[in-house]
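Below is run_28.tsv, which holds TSV, C-alpha atoms (C1' of nucleotides).
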chain	number	residue	atom	x	y	z
V	1489	MET	CA	-196.70	36.37	-4.14
V	1490	LYS	CA	-195.31	33.07	-5.35
V	1491	ILE	CA	-191.69	32.11	-6.03
V	1492	ALA	CA	-190.38	28.83	-7.41
V	1493	THR	CA	-187.13	27.15	-8.40
V	1494	PHE	CA	-186.43	24.36	-10.89
V	1495	ASN	CA	-183.22	22.76	-12.11
V	1496	THR	CA	-184.20	22.13	-15.74
V	1497	ASN	CA	-181.26	19.96	-16.89
V	1498	SER	CA	-181.60	21.85	-20.22
V	1499	VAL	CA	-184.20	24.60	-20.56
V	1500	ARG	CA	-184.73	23.74	-24.23
V	1501	ALA	CA	-185.43	20.07	-23.53
V	1502	ARG	CA	-187.84	21.08	-20.74
V	1503	LEU	CA	-189.76	23.90	-22.48
V	1504	PRO	CA	-193.09	22.01	-22.67
V	1505	ILE	CA	-192.91	21.22	-18.96
V	1506	ILE	CA	-191.87	24.76	-18.01
V	1507	THR	CA	-194.42	26.65	-20.09
V	1508	ALA	CA	-197.28	24.39	-18.99
V	1509	TRP	CA	-196.20	24.83	-15.38
V	1510	LEU	CA	-196.03	28.63	-15.69
V	1511	GLU	CA	-199.50	28.75	-17.23
V	1512	ARG	CA	-200.96	26.57	-14.49
V	1513	GLU	CA	-199.12	27.85	-11.41
V	1514	LYS	CA	-198.59	31.48	-12.44
V	1515	PRO	CA	-195.64	32.20	-10.11
V	1516	ASP	CA	-194.39	35.77	-9.81
V	1517	LEU	CA	-190.80	34.51	-10.01
V	1518	LEU	CA	-189.32	31.26	-11.32
V	1519	CYS	CA	-185.59	30.56	-10.92
V	1520	LEU	CA	-184.12	28.11	-13.40
V	1521	GLN	CA	-180.77	26.33	-13.27
V	1522	GLU	CA	-178.77	24.17	-15.66
V	1523	THR	CA	-180.30	25.89	-18.66
V	1524	LYS	CA	-177.34	24.67	-20.76
V	1525	VAL	CA	-177.70	27.29	-23.46
V	1526	GLN	CA	-175.76	30.34	-24.61
V	1527	ASP	CA	-177.51	33.69	-24.23
V	1528	PRO	CA	-177.93	34.45	-27.97
V	1529	ILE	CA	-180.05	31.32	-28.44
V	1530	PHE	CA	-181.94	31.30	-25.10
V	1531	PRO	CA	-185.60	30.55	-25.91
V	1532	ALA	CA	-186.93	33.85	-24.53
V	1533	GLY	CA	-189.80	33.88	-27.00
V	1534	ASP	CA	-191.34	30.79	-25.43
V	1535	PHE	CA	-191.47	32.56	-22.06
V	1536	GLU	CA	-192.85	35.75	-23.59
V	1537	ALA	CA	-195.52	33.73	-25.38
V	1538	CYS	CA	-196.93	32.70	-22.02
V	1539	GLY	CA	-196.78	36.20	-20.60
V	1540	TYR	CA	-193.42	36.12	-18.79
V	1541	HIS	CA	-190.32	38.24	-18.85
V	1542	VAL	CA	-187.03	36.35	-18.63
V	1543	VAL	CA	-183.42	37.25	-17.87
V	1544	PHE	CA	-180.59	34.78	-18.18
V	1545	SER	CA	-176.90	34.12	-17.84
V	1546	GLY	CA	-175.75	31.11	-19.80
V	1547	ARG	CA	-172.81	29.38	-21.45
V	1548	LYS	CA	-172.33	26.54	-23.89
V	1549	SER	CA	-173.22	23.02	-22.69
V	1550	TYR	CA	-172.95	23.50	-18.93
V	1551	ASN	CA	-174.57	25.40	-16.08
V	1552	GLY	CA	-176.69	28.46	-16.90
V	1553	VAL	CA	-179.26	30.31	-14.77
V	1554	ALA	CA	-182.39	32.29	-15.61
V	1555	VAL	CA	-185.24	34.12	-13.87
V	1556	ALA	CA	-188.71	34.25	-15.37
V	1557	SER	CA	-191.02	36.86	-13.90
V	1558	GLY	CA	-194.48	38.29	-14.37
V	1559	GLU	CA	-193.14	41.81	-13.93
V	1560	PRO	CA	-189.74	42.77	-15.32
V	1561	VAL	CA	-186.78	42.42	-12.95
V	1562	LYS	CA	-183.51	44.34	-12.98
V	1563	VAL	CA	-180.29	42.36	-13.20
V	1564	LEU	CA	-177.92	43.46	-10.43
V	1565	ARG	CA	-175.05	40.97	-10.76
V	1566	ARG	CA	-174.05	37.97	-12.89
V	1567	ASP	CA	-170.89	36.65	-11.24
V	1568	LEU	CA	-170.32	35.69	-7.64
V	1569	PHE	CA	-166.51	36.03	-7.57
V	1570	GLU	CA	-163.57	36.25	-9.95
V	1571	GLU	CA	-162.92	32.53	-10.13
V	1572	ASP	CA	-166.51	31.91	-11.25
V	1573	GLU	CA	-166.64	34.46	-14.08
V	1574	GLY	CA	-168.30	33.06	-17.16
V	1575	GLN	CA	-169.51	29.94	-15.37
V	1576	ALA	CA	-173.13	31.13	-15.34
V	1577	ARG	CA	-174.00	29.92	-11.87
V	1578	PHE	CA	-175.19	33.16	-10.25
V	1579	LEU	CA	-177.88	35.71	-11.13
V	1580	GLU	CA	-178.93	38.46	-8.74
V	1581	VAL	CA	-182.00	40.53	-9.58
V	1582	SER	CA	-184.24	43.08	-7.94
V	1583	TYR	CA	-187.99	42.55	-7.93
V	1584	ARG	CA	-190.18	45.27	-6.40
V	1585	ASN	CA	-188.63	46.00	-2.99
V	1586	MET	CA	-186.80	42.67	-2.79
V	1587	THR	CA	-183.58	41.11	-4.01
V	1588	LEU	CA	-183.48	37.59	-5.42
V	1589	ILE	CA	-180.29	35.59	-5.90
V	1590	ASN	CA	-180.59	32.51	-8.15
V	1591	VAL	CA	-177.74	30.02	-7.66
V	1592	TYR	CA	-176.46	26.84	-9.26
V	1593	VAL	CA	-173.83	25.67	-6.79
V	1594	PRO	CA	-171.05	23.46	-8.24
V	1595	GLN	CA	-171.87	19.78	-7.89
V	1596	GLY	CA	-168.40	18.87	-6.58
V	1597	PHE	CA	-167.75	15.51	-8.30
V	1598	GLU	CA	-166.04	13.59	-5.46
V	1599	VAL	CA	-165.01	14.51	-1.96
V	1600	GLY	CA	-161.31	15.39	-2.02
V	1601	SER	CA	-161.25	16.33	-5.73
V	1602	ASP	CA	-160.32	19.75	-7.14
V	1603	LYS	CA	-163.97	20.21	-8.07
V	1604	PHE	CA	-164.99	19.56	-4.48
V	1605	ALA	CA	-162.51	22.18	-3.23
V	1606	TYR	CA	-163.97	24.60	-5.78
V	1607	LYS	CA	-167.48	23.86	-4.51
V	1608	LEU	CA	-166.36	24.76	-0.98
V	1609	ARG	CA	-164.75	28.00	-2.21
V	1610	TRP	CA	-167.96	28.82	-4.09
V	1611	LEU	CA	-170.14	28.32	-1.00
V	1612	GLU	CA	-167.70	30.37	1.11
V	1613	ALA	CA	-167.83	33.15	-1.51
V	1614	LEU	CA	-171.63	33.06	-1.44
V	1615	TYR	CA	-171.65	33.44	2.33
V	1616	SER	CA	-169.11	36.30	2.23
V	1617	TYR	CA	-171.00	38.11	-0.51
V	1618	VAL	CA	-174.36	37.85	1.23
V	1619	ALA	CA	-173.02	38.77	4.69
V	1620	ASP	CA	-171.16	41.78	3.26
V	1621	ALA	CA	-173.85	43.07	0.91
V	1622	TYR	CA	-176.96	42.48	3.05
V	1623	ASP	CA	-178.30	42.67	6.58
V	1624	THR	CA	-180.68	40.20	8.13
V	1625	ASP	CA	-183.38	42.88	7.96
V	1626	SER	CA	-182.94	43.15	4.17
V	1627	SER	CA	-185.69	41.70	1.97
V	1628	LEU	CA	-183.61	38.95	0.39
V	1629	LEU	CA	-184.40	35.59	-1.19
V	1630	ILE	CA	-181.82	33.05	-2.35
V	1631	ALA	CA	-183.19	30.19	-4.41
V	1632	GLY	CA	-181.71	27.43	-6.49
V	1633	ASP	CA	-179.82	24.17	-6.62
V	1634	PHE	CA	-177.32	24.17	-3.74
V	1635	ASN	CA	-176.12	20.61	-4.39
V	1636	VAL	CA	-175.98	20.07	-0.61
V	1637	ALA	CA	-178.37	18.10	1.60
V	1638	LEU	CA	-178.22	19.53	5.11
V	1639	THR	CA	-179.41	16.84	7.51
V	1640	PRO	CA	-180.23	13.12	7.64
V	1641	LEU	CA	-183.84	14.11	6.92
V	1642	ASP	CA	-182.78	15.39	3.53
V	1643	VAL	CA	-181.45	12.21	1.85
V	1644	TYR	CA	-182.90	8.74	1.32
V	1645	ASP	CA	-180.07	6.84	3.07
V	1646	PRO	CA	-178.09	9.09	5.40
V	1647	GLU	CA	-175.95	6.29	6.83
V	1648	HIS	CA	-174.81	5.07	3.44
V	1649	LEU	CA	-174.38	8.54	1.93
V	1650	ALA	CA	-172.62	10.12	4.94
V	1651	GLY	CA	-169.38	11.82	3.99
V	1652	GLY	CA	-170.03	11.61	0.25
V	1653	VAL	CA	-170.42	14.51	-2.16
V	1654	ALA	CA	-173.50	16.66	-1.49
V	1655	PHE	CA	-173.79	15.15	1.99
V	1656	HIS	CA	-170.41	16.01	3.49
V	1657	PRO	CA	-169.93	17.97	6.75
V	1658	ASP	CA	-167.69	20.60	5.09
V	1659	GLU	CA	-170.42	21.48	2.58
V	1660	GLN	CA	-173.14	21.32	5.22
V	1661	ALA	CA	-171.16	23.66	7.49
V	1662	LEU	CA	-170.96	26.29	4.74
V	1663	LEU	CA	-174.66	26.11	3.93
V	1664	ARG	CA	-175.35	26.14	7.67
V	1665	LYS	CA	-173.42	29.42	7.93
V	1666	LEU	CA	-175.99	31.06	5.67
V	1667	LEU	CA	-178.80	29.79	7.89
V	1668	ASP	CA	-176.97	30.79	11.08
V	1669	TRP	CA	-176.47	34.25	9.58
V	1670	GLY	CA	-180.26	34.53	9.43
V	1671	LEU	CA	-181.61	32.97	6.26
V	1672	VAL	CA	-184.61	30.68	6.75
V	1673	ASP	CA	-185.02	27.41	4.80
V	1674	LEU	CA	-188.64	27.98	3.82
V	1675	PHE	CA	-189.47	24.34	3.09
V	1676	ARG	CA	-188.15	23.26	6.48
V	1677	LYS	CA	-190.09	26.04	8.19
V	1678	HIS	CA	-193.30	24.28	7.19
V	1679	GLU	CA	-192.33	20.60	7.05
V	1680	PRO	CA	-190.26	19.04	9.86
V	1681	GLY	CA	-190.41	15.47	8.59
V	1682	PRO	CA	-188.23	13.22	6.40
V	1683	GLY	CA	-188.79	11.86	2.89
V	1684	HIS	CA	-189.32	15.15	1.01
V	1685	TYR	CA	-186.93	15.47	-1.90
V	1686	THR	CA	-186.39	17.72	-4.92
V	1687	PHE	CA	-183.89	15.57	-6.86
V	1688	TRP	CA	-183.78	11.90	-7.85
V	1689	ASP	CA	-180.69	10.67	-9.69
V	1690	TYR	CA	-181.51	9.31	-13.17
V	1691	ARG	CA	-178.83	6.64	-12.67
V	1692	ILE	CA	-180.64	4.89	-9.82
V	1693	PRO	CA	-183.10	2.40	-11.33
V	1694	ASN	CA	-186.64	3.52	-10.49
V	1695	GLY	CA	-185.13	6.09	-8.14
V	1696	PHE	CA	-188.17	8.33	-8.26
V	1697	LYS	CA	-190.68	5.52	-7.89
V	1698	ARG	CA	-188.72	4.22	-4.89
V	1699	ASN	CA	-188.30	7.81	-3.60
V	1700	LEU	CA	-184.51	7.50	-3.42
V	1701	GLY	CA	-184.00	11.27	-3.47
V	1702	TRP	CA	-182.22	14.27	-2.08
V	1703	ARG	CA	-183.46	17.66	-0.91
V	1704	ILE	CA	-180.76	19.86	-2.44
V	1705	ASP	CA	-182.90	22.68	-3.91
V	1706	TYR	CA	-183.85	25.46	-1.54
V	1707	ILE	CA	-185.68	28.73	-1.21
V	1708	LEU	CA	-184.00	30.74	1.56
V	1709	ALA	CA	-185.30	34.05	2.86
V	1710	THR	CA	-184.32	36.66	5.42
V	1711	PRO	CA	-186.69	36.87	8.43
V	1712	PRO	CA	-188.67	39.89	7.17
V	1713	VAL	CA	-189.61	37.84	4.10
V	1714	ALA	CA	-189.77	34.41	5.73
V	1715	GLU	CA	-192.36	35.56	8.24
V	1716	TYR	CA	-194.80	35.93	5.34
V	1717	SER	CA	-194.37	32.41	3.93
V	1718	SER	CA	-197.64	30.51	4.25
V	1719	SER	CA	-196.91	27.30	2.33
V	1720	VAL	CA	-194.05	25.60	0.53
V	1721	TRP	CA	-194.48	22.55	-1.68
V	1722	ILE	CA	-192.59	20.16	-3.92
V	1723	ASP	CA	-194.28	19.28	-7.22
V	1724	ARG	CA	-193.85	15.51	-7.45
V	1725	GLU	CA	-196.26	15.39	-10.41
V	1726	ALA	CA	-193.78	17.27	-12.61
V	1727	ARG	CA	-191.31	14.40	-12.08
V	1728	ARG	CA	-193.88	11.94	-13.49
V	1729	LEU	CA	-194.31	13.71	-16.85
V	1730	SER	CA	-192.64	12.39	-19.97
V	1731	LYS	CA	-189.01	13.52	-20.35
V	1732	PRO	CA	-188.81	14.99	-16.83
V	1733	SER	CA	-185.79	16.73	-15.37
V	1734	ASP	CA	-183.99	14.86	-12.59
V	1735	HIS	CA	-185.11	17.70	-10.28
V	1736	THR	CA	-188.58	19.08	-9.73
V	1737	PHE	CA	-190.21	22.41	-8.86
V	1738	LEU	CA	-190.05	23.82	-5.34
V	1739	THR	CA	-192.53	26.64	-4.66
V	1740	ALA	CA	-193.06	29.07	-1.80
V	1741	GLU	CA	-196.18	31.19	-1.31
V	1742	LEU	CA	-195.60	34.49	0.48
V	1743	GLU	CA	-198.47	36.55	1.88
V	1744	LEU	CA	-197.08	39.72	0.34
V	1745	ASP	CA	-198.64	42.27	-2.08
O	1003	DA	C1'	-186.25	-9.85	-21.01
O	1004	DT	C1'	-179.63	-10.53	-24.31
O	1005	DG	C1'	-181.47	-4.49	-21.44
O	1006	DG	C1'	-180.28	-1.21	-17.52
O	1007	DT	C1'	-180.02	7.66	-17.14
O	1008	DC	C1'	-179.94	12.16	-19.34
O	1009	DG	C1'	-178.51	16.39	-22.35
O	1010	DG	C1'	-175.30	18.66	-25.14
O	1011	DC	C1'	-173.08	17.99	-28.93
O	1012	DA	C1'	-170.37	15.49	-31.76
O	1013	DA	C1'	-166.23	12.29	-28.38
O	1014	DC	C1'	-167.02	12.20	-24.25
O	1015	DC	C1'	-168.11	15.42	-20.03
O	1016	DG	C1'	-170.89	16.61	-16.29
O	1017	DA	C1'	-174.56	15.53	-13.21

Starting from the file, give its structure as structure tokens.
Amino acid sequence: MKIATFNTNSVRARLPIITAWLEREKPDLLCLQETKVQDPIFPAGDFEACGYHVVFSGRKSYNGVAVASGEPVKVLRRDLFEEDEGQARFLEVSYRNMTLINVYVPQGFEVGSDKFAYKLRWLEALYSYVADAYDTDSSLLIAGDFNVALTPLDVYDPEHLAGGVAFHPDEQALLRKLLDWGLVDLFRKHEPGPGHYTFWDYRIPNGFKRNLGWRIDYILATPPVAEYSSSVWIDREARRLSKPSDHTFLTAELELD
DNA sequence: ATGGTCGGCAACCGA
């Protein structure tokens, strides 16, 4: 089975890219973030037209998460904690015998800002929720845009970016807690080296061409699931299409079913 | 070469 994640930076603006990708790659599950659309006008018909089911939790203008799936999924939860209600950053679903949590972690603006403090509370709440609701022998996947790069291997210029937002020790420590609890970073399981990114900031001139990127999108899995991952890849071609998102697709293949 | 990111959504905000 195949699972992927993609921060769309508007699902409506990215529909041609998403539907073509679904038809070519045929994942079982695709997690989407930053859909930026209210539920009543989510373009579900475009997903159904290429043979996918889709569930979503959105709001006007900002955030928004969705899961497209070949088989229907059941929505288990739409809010991580009280403070985040209505923010459309969290979507937990069940798929066959597994649970999938799709996250869009707050970006955090600047270290020391209120938004940064909120990002830390959000990551803490994610850890608490997962550690309370699951065991490490559960069949759990967490995928999405975490807005945190974990190690110097995961950003283009670790010395220059050290201590800044999305590469700050307080954020890294909270994401690290999830890994220490037992979740496996599936991309890192297969690729130990530097230079592999999932996000390139639009504001950096030729940032993609120069590979000035960040690895801030992840697919995490508990050990009983992670042991079946056979390959994980980043689709750099999708970043070369016309009108690309600033992120690209991250895909994990699991030798299951 | 007199420019230099996107998308949403209607003036800027968020990333």

Output the contact residues of chain O with respect to chain V at a cut-off of 10 Å, based on all atoms listed in the file, as a VMD selection string.
chain O and resid 1006 to 1011 1015 to 1017

To one decimal place, how far is CA of Lys1677 (chain V) from CA of Tyr1583 (chain V) in Å?
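Interatomic distance, CA of Lys1677 (chain V) to CA of Tyr1583 (chain V): 23.2 Å.
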
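Using all atoms listed in the file, the smallest distance between any of V:Pro1657, V:Pro1531, V:Pro1646, V:Gly1539 and Leu1700 (chain V) comes from V:Pro1646.
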
CA of Asn1590 (chain V) and CA of Phe1544 (chain V), how far apart in Å?
10.3 Å

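Relative to CA of Glu1659 (chain V), CA of Leu1608 (chain V) is found at 6.3 Å.
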
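Shortest atom-to-atom contact with Glu1580 (chain V) among V:Pro1515, V:Pro1711, V:Pro1682, V:Gly1632: V:Gly1632, counting all atoms listed in the file.
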
My list of candidates is V:Asp1723, V:Leu1611, V:Lys1603, V:His1684. Which is closest to Leu1641 (chain V) when distances are computed with all atoms listed in the file?
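Answer, going by the shortest atom-to-atom distance: V:His1684.
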
Any idea what's packed within 10 Å of Tyr1706 (chain V), counting all atoms listed in the file, ignoring anything in its chain fewer than 6 positions away? Could you give it as a PyMOL selection string?
chain V and resi 1492-1494+1591+1630-1637+1672-1676+1686+1738-1740

Deliver the residues from the most recent selection as a file, using C-alpha atoms, as an mmCIF file, in the coordinates of the input.
data_model
loop_
_atom_site.group_PDB
_atom_site.id
_atom_site.type_symbol
_atom_site.label_atom_id
_atom_site.label_comp_id
_atom_site.auth_asym_id
_atom_site.auth_seq_id
_atom_site.Cartn_x
_atom_site.Cartn_y
_atom_site.Cartn_z
ATOM 1 C CA ALA V 1492 -190.380 28.830 -7.410
ATOM 2 C CA THR V 1493 -187.130 27.150 -8.400
ATOM 3 C CA PHE V 1494 -186.430 24.360 -10.890
ATOM 4 C CA VAL V 1591 -177.740 30.020 -7.660
ATOM 5 C CA ILE V 1630 -181.820 33.050 -2.350
ATOM 6 C CA ALA V 1631 -183.190 30.190 -4.410
ATOM 7 C CA GLY V 1632 -181.710 27.430 -6.490
ATOM 8 C CA ASP V 1633 -179.820 24.170 -6.620
ATOM 9 C CA PHE V 1634 -177.320 24.170 -3.740
ATOM 10 C CA ASN V 1635 -176.120 20.610 -4.390
ATOM 11 C CA VAL V 1636 -175.980 20.070 -0.610
ATOM 12 C CA ALA V 1637 -178.370 18.100 1.600
ATOM 13 C CA VAL V 1672 -184.610 30.680 6.750
ATOM 14 C CA ASP V 1673 -185.020 27.410 4.800
ATOM 15 C CA LEU V 1674 -188.640 27.980 3.820
ATOM 16 C CA PHE V 1675 -189.470 24.340 3.090
ATOM 17 C CA ARG V 1676 -188.150 23.260 6.480
ATOM 18 C CA THR V 1686 -186.390 17.720 -4.920
ATOM 19 C CA LEU V 1738 -190.050 23.820 -5.340
ATOM 20 C CA THR V 1739 -192.530 26.640 -4.660
ATOM 21 C CA ALA V 1740 -193.060 29.070 -1.800
#

Identify, on the basis of only C-alpha atoms (C1' of nucleotides), every residue whose closest approach to Tyr1540 (chain V) does not exceed 8 Å; exclude the query and any residue fewer than 5 positions from it along the same chain; express the result as JSON, numbers by chain.
{"V": [1535, 1556, 1557, 1558, 1559]}

Restricting the calculation to all atoms listed in the file: of V:Asp1645, V:Glu1598, V:Glu1743, V:Glu1715, which residue gets closest to Gly1701 (chain V)?
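Of V:Asp1645, V:Glu1598, V:Glu1743, V:Glu1715, the one nearest Gly1701 (chain V) is V:Asp1645, counting all atoms listed in the file.
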
May I ask which of the residues V:Asp1658, V:Leu1568, V:Leu1671, V:Tyr1685 is the closest one to Ala1605 (chain V), counting all atoms listed in the file?
V:Asp1658

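Distances from V:Val1563, V:Asp1534, V:Val1653, V:Val1643 to Ile1505 (chain V) were compared using only C-alpha atoms, and the smallest one belongs to V:Asp1534.
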